[in-house]
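J.: Structure supplied as entry.txt; contents: compact mmCIF, C-alpha atoms and all ligand atoms.
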# COMPACT_ATOMS: atom_id res chain seq x y z
CA MET A 1 0.00 0.00 0.00
CA LYS A 2 1.29 3.43 -0.85
CA PHE A 3 0.84 6.22 1.67
CA PRO A 4 2.25 9.71 2.20
CA ASP A 5 5.58 10.03 4.06
CA THR A 6 4.06 12.30 6.61
CA ARG A 7 0.43 12.78 7.43
CA MET A 8 0.21 16.47 8.34
CA ARG A 9 -3.52 16.01 8.79
CA ARG A 10 -2.82 14.06 12.00
CA LEU A 11 -1.97 17.46 13.50
CA ARG A 12 -5.44 18.78 12.70
CA ASN A 13 -7.57 15.78 13.52
CA ASN A 14 -9.84 17.36 16.11
CA ASP A 15 -10.29 20.56 18.03
CA SER A 16 -8.43 19.41 21.14
CA ILE A 17 -5.43 18.28 19.11
CA ARG A 18 -5.44 21.56 17.19
CA LYS A 19 -5.53 23.49 20.47
CA LEU A 20 -2.72 21.39 21.94
CA LEU A 21 -0.52 22.08 18.95
CA ALA A 22 -1.30 25.79 18.56
CA GLU A 23 1.94 27.74 18.07
CA ASN A 24 0.33 31.03 19.01
CA ARG A 25 -2.38 31.78 21.52
CA LEU A 26 -4.12 34.98 22.43
CA SER A 27 -4.24 35.88 26.08
CA THR A 28 -5.93 38.66 28.02
CA ASP A 29 -2.56 39.72 29.46
CA GLU A 30 -1.18 41.04 26.18
CA LEU A 31 -4.19 43.05 25.02
CA VAL A 32 -4.46 46.81 25.43
CA TYR A 33 -7.86 48.45 25.03
CA PRO A 34 -7.94 52.07 23.73
CA VAL A 35 -10.42 54.37 25.50
CA PHE A 36 -11.46 57.94 24.76
CA LEU A 37 -12.07 60.58 27.41
CA ILE A 38 -14.08 63.75 26.83
CA GLU A 39 -14.75 66.67 29.18
CA GLY A 40 -17.93 67.03 31.16
CA LYS A 41 -20.32 64.80 33.05
CA ASN A 42 -22.69 62.03 32.06
CA LYS A 43 -21.64 62.31 28.43
CA LYS A 44 -21.31 59.51 25.96
CA ASP A 45 -20.85 59.87 22.19
CA ILE A 46 -21.36 57.11 19.71
CA ILE A 47 -18.97 57.29 16.76
CA SER A 48 -20.63 56.07 13.59
CA SER A 49 -17.33 55.32 11.85
CA MET A 50 -16.27 52.92 14.63
CA PRO A 51 -19.14 50.61 15.59
CA GLY A 52 -18.88 49.51 19.22
CA VAL A 53 -16.46 52.27 20.27
CA GLU A 54 -17.64 55.28 22.30
CA ARG A 55 -16.20 58.37 23.94
CA PHE A 56 -17.05 58.96 27.58
CA SER A 57 -16.84 61.68 30.20
CA ILE A 58 -14.89 60.50 33.26
CA ASP A 59 -17.90 59.30 35.32
CA LEU A 60 -19.09 57.03 32.50
CA LEU A 61 -15.57 56.02 31.53
CA LEU A 62 -15.06 54.68 35.07
CA LYS A 63 -18.13 52.48 34.54
CA GLU A 64 -16.83 51.32 31.16
CA ILE A 65 -13.46 50.45 32.72
CA ALA A 66 -15.22 48.47 35.47
CA ASP A 67 -17.01 46.50 32.72
CA VAL A 68 -13.92 45.79 30.64
CA LYS A 69 -12.03 44.82 33.79
CA LYS A 70 -14.67 42.17 34.46
CA LEU A 71 -14.00 40.78 30.98
CA GLY A 72 -10.33 40.47 31.90
CA ILE A 73 -8.78 43.57 30.36
CA LYS A 74 -5.75 44.60 32.41
CA SER A 75 -4.38 47.50 30.36
CA ILE A 76 -5.91 50.53 28.69
CA LEU A 77 -4.56 53.22 26.39
CA LEU A 78 -6.18 56.55 27.19
CA PHE A 79 -6.79 59.34 24.67
CA GLY A 80 -7.96 62.78 25.74
CA VAL A 81 -10.31 64.37 23.23
CA THR A 82 -10.83 68.11 23.60
CA ASP A 83 -13.91 69.86 22.36
CA LYS A 84 -13.37 71.56 18.98
CA LYS A 85 -14.21 74.94 20.49
CA LEU A 86 -11.57 74.49 23.18
CA LYS A 87 -8.71 73.49 20.94
CA ASP A 88 -5.87 75.86 21.51
CA SER A 89 -2.32 76.26 20.38
CA ASP A 90 -1.23 77.03 23.96
CA ILE A 91 -0.19 73.56 25.09
CA SER A 92 0.68 74.52 28.67
CA LYS A 93 -3.07 74.60 29.40
CA SER A 94 -3.34 70.99 28.26
CA ALA A 95 -0.34 70.07 30.43
CA SER A 96 -1.82 71.60 33.61
CA LYS A 97 -2.25 69.19 36.48
CA ASP A 98 -5.89 70.26 36.69
CA GLY A 99 -6.55 69.41 33.05
CA PHE A 100 -9.38 66.95 32.44
CA VAL A 101 -7.04 64.24 31.15
CA GLN A 102 -4.75 64.57 34.18
CA ARG A 103 -7.74 64.44 36.55
CA GLY A 104 -9.11 61.52 34.57
CA ILE A 105 -5.86 59.57 34.94
CA SER A 106 -5.76 60.03 38.70
CA GLU A 107 -9.43 59.09 39.09
CA ILE A 108 -8.88 55.92 37.06
CA LYS A 109 -5.76 54.97 39.04
CA ASN A 110 -7.50 55.70 42.35
CA LYS A 111 -10.41 53.47 41.50
CA PHE A 112 -8.46 50.74 39.65
CA PRO A 113 -4.92 50.75 41.05
CA ASP A 114 -3.95 47.51 39.31
CA MET A 115 -5.20 48.57 35.86
CA VAL A 116 -2.20 49.48 33.70
CA VAL A 117 -2.91 52.96 32.38
CA ALA A 118 -1.01 54.00 29.27
CA VAL A 119 -1.67 57.51 27.98
CA ASP A 120 -1.22 58.66 24.38
CA VAL A 121 1.06 61.70 24.26
CA CYS A 122 0.44 63.83 21.21
CA LEU A 123 -0.61 67.36 20.40
CA CYS A 124 -3.03 66.65 17.54
CA GLY A 125 -6.01 66.26 19.90
CA TYR A 126 -5.29 69.66 21.43
CA THR A 127 -4.00 71.91 18.66
CA GLU A 128 -6.15 74.10 16.43
CA SER A 129 -4.10 72.92 13.45
CA GLY A 130 -4.81 69.27 14.22
CA HIS A 131 -1.11 68.61 13.69
CA CYS A 132 0.94 66.47 16.08
CA GLY A 133 3.32 69.31 16.87
CA ILE A 134 3.63 73.06 17.16
CA ILE A 135 3.36 74.99 13.93
CA LYS A 136 5.82 77.67 12.90
CA ASP A 137 5.35 79.15 9.43
CA GLU A 138 3.07 76.30 8.27
CA TYR A 139 5.71 73.73 9.30
CA VAL A 140 5.74 71.50 12.36
CA ASP A 141 8.68 72.72 14.46
CA ASN A 142 10.43 69.60 15.75
CA ASP A 143 12.31 70.88 18.79
CA LYS A 144 9.52 73.11 20.11
CA SER A 145 7.17 70.17 19.74
CA VAL A 146 9.51 67.91 21.73
CA GLU A 147 9.45 70.45 24.58
CA ALA A 148 5.66 70.53 24.57
CA LEU A 149 5.39 66.72 24.34
CA SER A 150 7.81 66.34 27.27
CA GLU A 151 5.74 68.75 29.34
CA LEU A 152 2.55 66.88 28.48
CA ALA A 153 4.07 63.45 29.17
CA LEU A 154 5.41 64.65 32.52
CA SER A 155 1.97 65.93 33.54
CA TYR A 156 0.41 62.54 32.71
CA ALA A 157 3.13 60.67 34.59
CA LEU A 158 2.71 62.95 37.63
CA SER A 159 -1.03 62.19 37.55
CA GLY A 160 -0.24 58.51 37.88
CA ALA A 161 0.02 57.12 34.33
CA ASP A 162 2.00 53.87 34.33
CA ILE A 163 3.05 54.31 30.72
CA VAL A 164 3.37 57.40 28.55
CA ALA A 165 3.06 56.70 24.85
CA PRO A 166 4.39 59.46 22.57
CA SER A 167 2.83 59.19 19.12
CA ALA A 168 3.92 62.42 17.43
CA MET A 169 6.91 61.02 15.46
CA MET A 170 9.12 63.98 16.42
CA ASP A 171 12.88 63.34 16.45
CA GLY A 172 14.26 63.18 19.96
CA MET A 173 10.85 62.99 21.66
CA VAL A 174 11.72 59.87 23.65
CA ARG A 175 14.95 61.44 24.93
CA GLY A 176 13.10 64.65 25.87
CA ILE A 177 10.42 62.75 27.75
CA ARG A 178 12.90 60.44 29.51
CA LYS A 179 14.85 63.46 30.70
CA ALA A 180 11.72 65.19 31.99
CA LEU A 181 10.73 62.02 33.87
CA GLU A 182 14.20 61.50 35.40
CA ASP A 183 14.53 65.17 36.36
CA ASN A 184 11.30 64.83 38.29
CA GLY A 185 12.16 61.60 40.05
CA LEU A 186 9.75 59.47 38.00
CA LYS A 187 12.02 56.47 37.71
CA ASN A 188 9.36 53.85 37.08
CA THR A 189 7.20 55.43 34.40
CA LEU A 190 7.49 53.38 31.22
CA ILE A 191 7.79 54.93 27.79
CA MET A 192 6.02 53.07 25.01
CA SER A 193 7.05 54.88 21.85
CA TYR A 194 5.10 54.80 18.62
CA SER A 195 8.51 54.25 17.01
CA ALA A 196 7.54 53.25 13.48
CA LYS A 197 4.31 55.05 12.82
CA TYR A 198 3.33 55.28 9.20
CA ALA A 199 1.45 58.07 7.40
CA SER A 200 -1.55 55.78 6.94
CA ALA A 201 -4.99 56.12 5.42
CA PHE A 202 -6.16 53.69 8.08
CA TYR A 203 -6.34 56.35 10.82
CA GLY A 204 -9.43 57.85 9.17
CA PRO A 205 -12.08 56.66 11.63
CA PHE A 206 -9.87 57.62 14.60
CA ARG A 207 -9.63 61.18 13.34
CA ASP A 208 -13.43 61.35 13.36
CA MET A 209 -13.32 60.06 16.91
CA ALA A 210 -10.63 62.48 18.10
CA GLU A 211 -11.59 65.32 15.78
CA SER A 212 -7.91 65.51 15.00
CA ALA A 213 -7.64 65.60 11.21
CA PRO A 214 -5.03 68.18 10.21
CA SER A 215 -6.66 71.45 9.14
CA PHE A 216 -4.05 71.92 6.39
CA GLY A 217 -1.52 69.64 4.72
CA ASP A 218 -0.87 66.12 5.92
CA ARG A 219 1.41 64.26 8.34
CA LYS A 220 3.92 63.06 5.77
CA SER A 221 6.76 65.29 7.01
CA TYR A 222 6.83 63.38 10.31
CA GLN A 223 5.07 60.02 9.88
CA MET A 224 6.77 57.30 7.83
CA PRO A 225 6.21 56.54 4.14
CA PRO A 226 4.44 53.18 3.52
CA SER A 227 7.18 52.19 1.05
CA ASN A 228 9.90 51.85 3.68
CA SER A 229 10.85 49.19 6.20
CA ARG A 230 14.61 49.69 6.72
CA GLU A 231 13.80 53.24 7.81
CA ALA A 232 11.47 51.74 10.41
CA MET A 233 14.40 49.77 11.86
CA ARG A 234 16.37 53.04 12.22
CA GLU A 235 13.41 54.71 13.93
CA ILE A 236 13.12 51.84 16.39
CA GLU A 237 16.85 51.73 17.05
CA LEU A 238 16.90 55.46 17.82
CA ASP A 239 14.00 55.13 20.26
CA ILE A 240 15.80 52.31 22.06
CA LYS A 241 18.94 54.46 22.35
CA GLU A 242 16.86 57.38 23.62
CA GLY A 243 15.41 55.27 26.42
CA ALA A 244 12.15 53.69 25.25
CA ASP A 245 10.98 50.65 27.24
CA ILE A 246 8.50 49.39 24.63
CA VAL A 247 8.65 50.05 20.90
CA MET A 248 5.69 50.01 18.52
CA VAL A 249 4.79 49.44 14.92
CA LYS A 250 1.61 51.10 13.68
CA PRO A 251 -0.64 50.21 11.85
CA ALA A 252 -0.39 46.46 12.42
CA LEU A 253 -2.06 44.60 9.55
CA MET A 254 -0.58 46.64 6.72
CA TYR A 255 2.89 46.33 8.31
CA LEU A 256 3.13 42.73 9.50
CA ASP A 257 6.50 42.43 7.72
CA VAL A 258 7.82 45.37 9.74
CA ILE A 259 6.63 43.76 12.99
CA SER A 260 8.34 40.53 12.08
CA LYS A 261 11.58 42.24 11.10
CA ALA A 262 11.60 44.30 14.31
CA LYS A 263 10.99 41.18 16.37
CA GLU A 264 14.00 39.44 14.89
CA ARG A 265 16.23 42.45 15.16
CA PHE A 266 15.54 43.89 18.62
CA ASP A 267 15.35 42.26 22.04
CA MET A 268 12.67 44.70 23.13
CA PRO A 269 9.03 44.39 24.11
CA LEU A 270 7.21 45.04 20.84
CA ALA A 271 3.72 46.47 20.55
CA ALA A 272 1.53 46.54 17.45
CA TYR A 273 -1.39 48.94 17.03
CA ASN A 274 -4.33 47.43 15.18
CA VAL A 275 -5.70 50.82 14.13
CA SER A 276 -9.17 52.27 13.64
CA GLY A 277 -9.37 51.72 9.85
CA GLU A 278 -8.29 48.10 10.24
CA TYR A 279 -10.96 47.68 12.90
CA SER A 280 -13.81 49.40 11.08
CA MET A 281 -13.07 47.68 7.79
CA ILE A 282 -13.61 44.29 9.42
CA LYS A 283 -16.50 45.46 11.64
CA PHE A 284 -18.47 46.81 8.69
CA ALA A 285 -17.80 43.70 6.61
CA CYS A 286 -19.10 41.56 9.51
CA LYS A 287 -22.11 43.80 10.07
CA ASN A 288 -23.00 43.39 6.41
CA GLY A 289 -22.77 39.63 6.62
CA LEU A 290 -19.66 39.37 4.43
CA LEU A 291 -17.44 37.84 7.10
CA ASP A 292 -18.04 35.67 10.12
CA GLU A 293 -17.09 38.00 12.98
CA ARG A 294 -15.78 35.43 15.39
CA SER A 295 -13.32 33.80 13.05
CA ALA A 296 -12.40 37.06 11.29
CA VAL A 297 -11.43 38.73 14.57
CA MET A 298 -9.47 35.70 15.82
CA GLU A 299 -7.62 35.38 12.52
CA THR A 300 -6.79 39.10 12.50
CA LEU A 301 -5.32 39.13 15.98
CA LEU A 302 -3.48 35.85 15.46
CA SER A 303 -1.79 37.28 12.37
CA ILE A 304 -0.40 40.12 14.51
CA LYS A 305 0.70 37.66 17.20
CA ARG A 306 2.33 35.35 14.66
CA ALA A 307 4.24 38.27 13.14
CA GLY A 308 5.84 38.74 16.56
CA ALA A 309 3.96 41.36 18.56
CA ASP A 310 4.20 40.97 22.35
CA ILE A 311 1.50 43.54 22.98
CA ILE A 312 -1.57 44.11 20.80
CA ILE A 313 -3.42 47.39 21.05
CA THR A 314 -6.86 46.76 19.60
CA TYR A 315 -10.46 47.99 19.61
CA PHE A 316 -11.36 44.28 19.30
CA ALA A 317 -10.12 43.60 22.85
CA LYS A 318 -13.65 43.41 24.29
CA ASP A 319 -14.94 41.23 21.44
CA ILE A 320 -12.03 38.84 21.64
CA LEU A 321 -12.30 38.46 25.40
CA ARG A 322 -15.98 37.64 25.13
CA MET A 323 -14.97 34.95 22.64
CA ILE A 324 -12.10 33.61 24.75
CA ASN A 325 -14.33 33.54 27.86
CA GLU A 326 -17.12 31.66 26.09
C1 LIG A 401 -2.24 60.63 17.52
C2 LIG A 401 -2.72 59.28 17.19
C3 LIG A 401 -3.39 58.82 16.03
C4 LIG A 401 -3.69 57.47 16.27
C5 LIG A 401 -3.18 57.16 17.51
N1 LIG A 401 -2.56 58.27 18.05
C6 LIG A 401 -3.86 59.54 14.84
C7 LIG A 401 -2.97 60.11 13.83
O1 LIG A 401 -1.75 60.00 13.86
O2 LIG A 401 -3.55 60.74 12.95
C8 LIG A 401 -4.44 56.57 15.34
C9 LIG A 401 -5.13 55.44 16.00
C10 LIG A 401 -6.09 54.71 15.15
O3 LIG A 401 -6.29 55.00 13.96
O4 LIG A 401 -6.72 53.80 15.71
N2 LIG A 401 -1.21 61.12 16.78
Could you express the structure from this file as C-alpha cells?
Ligand code: PBG
T.:
Amino acid sequence: MKFPDTRMRRLRNNDSIRKLLAENRLSTDELVYPVFLIEGKNKKDIISSMPGVERFSIDLLLKEIADVKKLGIKSILLFGVTDKKLKDSDISKSASKDGFVQRGISEIKNKFPDMVVAVDVCLCGYTESGHCGIIKDEYVDNDKSVEALSELALSYALSGADIVAPSAMMDGMVRGIRKALEDNGLKNTLIMSYSAKYASAFYGPFRDMAESAPSFGDRKSYQMPPSNSREAMREIELDIKEGADIVMVKPALMYLDVISKAKERFDMPLAAYNVSGEYSMIKFACKNGLLDERSAVMETLLSIKRAGADIIITYFAKDILRMINE
C-alpha cells in the first residue's frame, strides 16, 4: 500500500489536538484596550465610523473600565479628546495638572490601582491645526514640539500614568520625555514609543473620533512613508537608544512584515497597534454579513501575534475576550 511520508492532517484531527498544537495563543494579558475621554459629566458619544467604540466623560468612563475589567482587560490606552471649540495652540493649558485628562488619569488609578494605564502623548487632539506638533510658518517645528510633548508626558506621569506613549513622530521625543521624567524623580514610568508610525490612510475613523484631522496639509513630514521598512528599523533603534521601554509598529495589519523584522532584530518588548481603519473595515464587513465576525477577529489578531507582537493594542479587545471567555 502506498501512503504519504508524513500525514500532516494528524496534526489537525480534532479541536483538542489543534488546540494542543497551537503555536500562538491569544491571552488577556497582552491586550491593550484604547479608550477615549471627553470633558464634562454624564456624556457619551457614539462614533458612527467605529461601531462599538464610544467616547465617555470620566464618570461614564469609570463604569466602562469596570465593565472591561470584568471581561479580563488589564491595560488601557487613554486618549484625551478636547472639544473643537476648546482646541488651543497654547499647550501649557493641556499640560496643567488640573486638566481633564490629568484628573481623569488620577481618578482611574485611584479606582483601579492595578489597571495598567497608558496615555497617548500627542498634540493633535489639542491643537487648532490638528497637527501632532507646534506649527511655525506652516511647518511642524520639531524641537519646540519635543518640549511641549515632554511637558505633556510629565503631567500625565505625575497624575499617575503607568506608561506614557508618545505618538507624534518627532525626532528626539523619547529622549526629551525620559529626561523630563528622570529630572522629576519618576524612575518607574514606562515609555512606550510609537517608534515606526506610518502616514496611513487607516487612521481615518480615529480622526473622526478624536476630531484631530489636520486642518491643512498632511502628516507626511513626520510620519513614515508606507514604502519603507529599513527606515522603520532606524526609527526603532533610535528610540531604544533614547530610552524607550517598549517600541511600537503602527498600523499592524498593513505592516506585518515590519513587525516581524523588528521582532528578529531587537530584544525589546514590541507592541503593534491594530488601528481604527483596520478595525472598522472588518466590523463593517461583519455587520453586512460578508465575514463571520468570530473567526475574522481571531484570525486578524493571530496574524499580529504570529508576526511577533508581544502587545496588541486593539479595539477588538472586548470582542475577543468575550470569545475567549465563552
Ligand atoms: C495621535 C494618534 C493617532 C492614532 C493614535 N494616536 C492619529 C494620527 O496620527 O492621525 C491613530 C489610532 C487609530 O487609527 O486607531 N497622533
J.: Restricting the calculation to all atoms listed in the file: of A:Ser94, A:Ser75, A:Ser276, A:Thr314, which residue gets closest to ligand LIG 401 (chain A)?
T.: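 Among the listed residues, the smallest separation from ligand LIG 401 (chain A) belongs to A:Ser276.
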J.: Any idea what's packed within 10 Å of range 103-106 of chain A, counting only C-alpha atoms, ignoring anything in its chain fewer than 3 positions away? Could you give it as a count of residues only?
T.: 30
J.: Can you tell me how far CA of Phe56 in chain A sits from CA of Asn288 in chain A, in Å to one decimal?
T.: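 Separation of CA of Phe56 in chain A and CA of Asn288 in chain A: 26.9 Å.
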J.: Using only C-alpha atoms and a cutoff of 10 Å, can you tell me which residues are near (7.2, 44.0, 15.3) in the file's coordinates, and write them out as a PyMOL selection string?
T.: chain A and resi 196+233+236+247-250+252+255-266+268-272+304-311
J.: Have a look at A:Phe284, A:Tyr273, A:Tyr203, A:Tyr315 and name the one nearest to ligand LIG 401 (chain A); count all atoms listed in the file.
T.: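 Nearest to ligand LIG 401 (chain A): A:Tyr203.
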J.: Between A:Tyr222, A:Phe216, A:Phe79, A:Phe206, which has the minimum distance to ligand LIG 401 (chain A) (counting only C-alpha atoms and all ligand atoms)?
T.: A:Phe206
J.: Would you compute an axis-aligned box for ligand LIG 401 (chain A), covering every atom listed for it in the file with 8 Å of margin on each side, and report centre and edge lengths in Å to one decimal as JSON?
T.:
{"center_x": -4.0, "center_y": 57.5, "center_z": 15.5, "size_x": 21.5, "size_y": 23.3, "size_z": 21.1}
J.: Which residue gives the smallest distance to ligand LIG 401 (chain A) among A:Glu64, A:Glu54, A:Glu278, A:Glu128, with only C-alpha atoms and all ligand atoms counted?
T.: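 Using only C-alpha atoms and all ligand atoms, ligand LIG 401 (chain A) sits closest to A:Glu278.
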J.: May I ask you to write as a ChimeraX atom specification all residues lying at most 9 Å from ligand LIG 401 (chain A), with all atoms listed in the file counted?
T.: /A:34,79,120-125,130-132,165-169,194,197-207,210,212-214,219,223,250-251,273-279,313-315
J.: Out of A:Asp67, A:Asp45, A:Glu293, A:Asp171, which residue has the shortest atom-to-atom distance to Asp208 in chain A when counting all atoms listed in the file?
T.: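 When distances to Asp208 in chain A are compared using all atoms listed in the file, the smallest one comes from A:Asp45.
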J.: Between CA of Ile177 in chain A and CA of Asp245 in chain A, what is the spacing in Å?
T.: 12.1 Å
J.: Pick the closest to Leu190 in chain A from A:Lys43, A:Arg178, A:Arg234, A:Lys2: which is it, counting all atoms listed in the file?
T.: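 For Leu190 in chain A, the nearest of the candidates is A:Arg178.
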J.: Using CA of Leu77 in chain A and CA of Val35 in chain A as the two end points, give the distance in Å to one decimal.
T.: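 These two atoms are separated by 6.0 Å.
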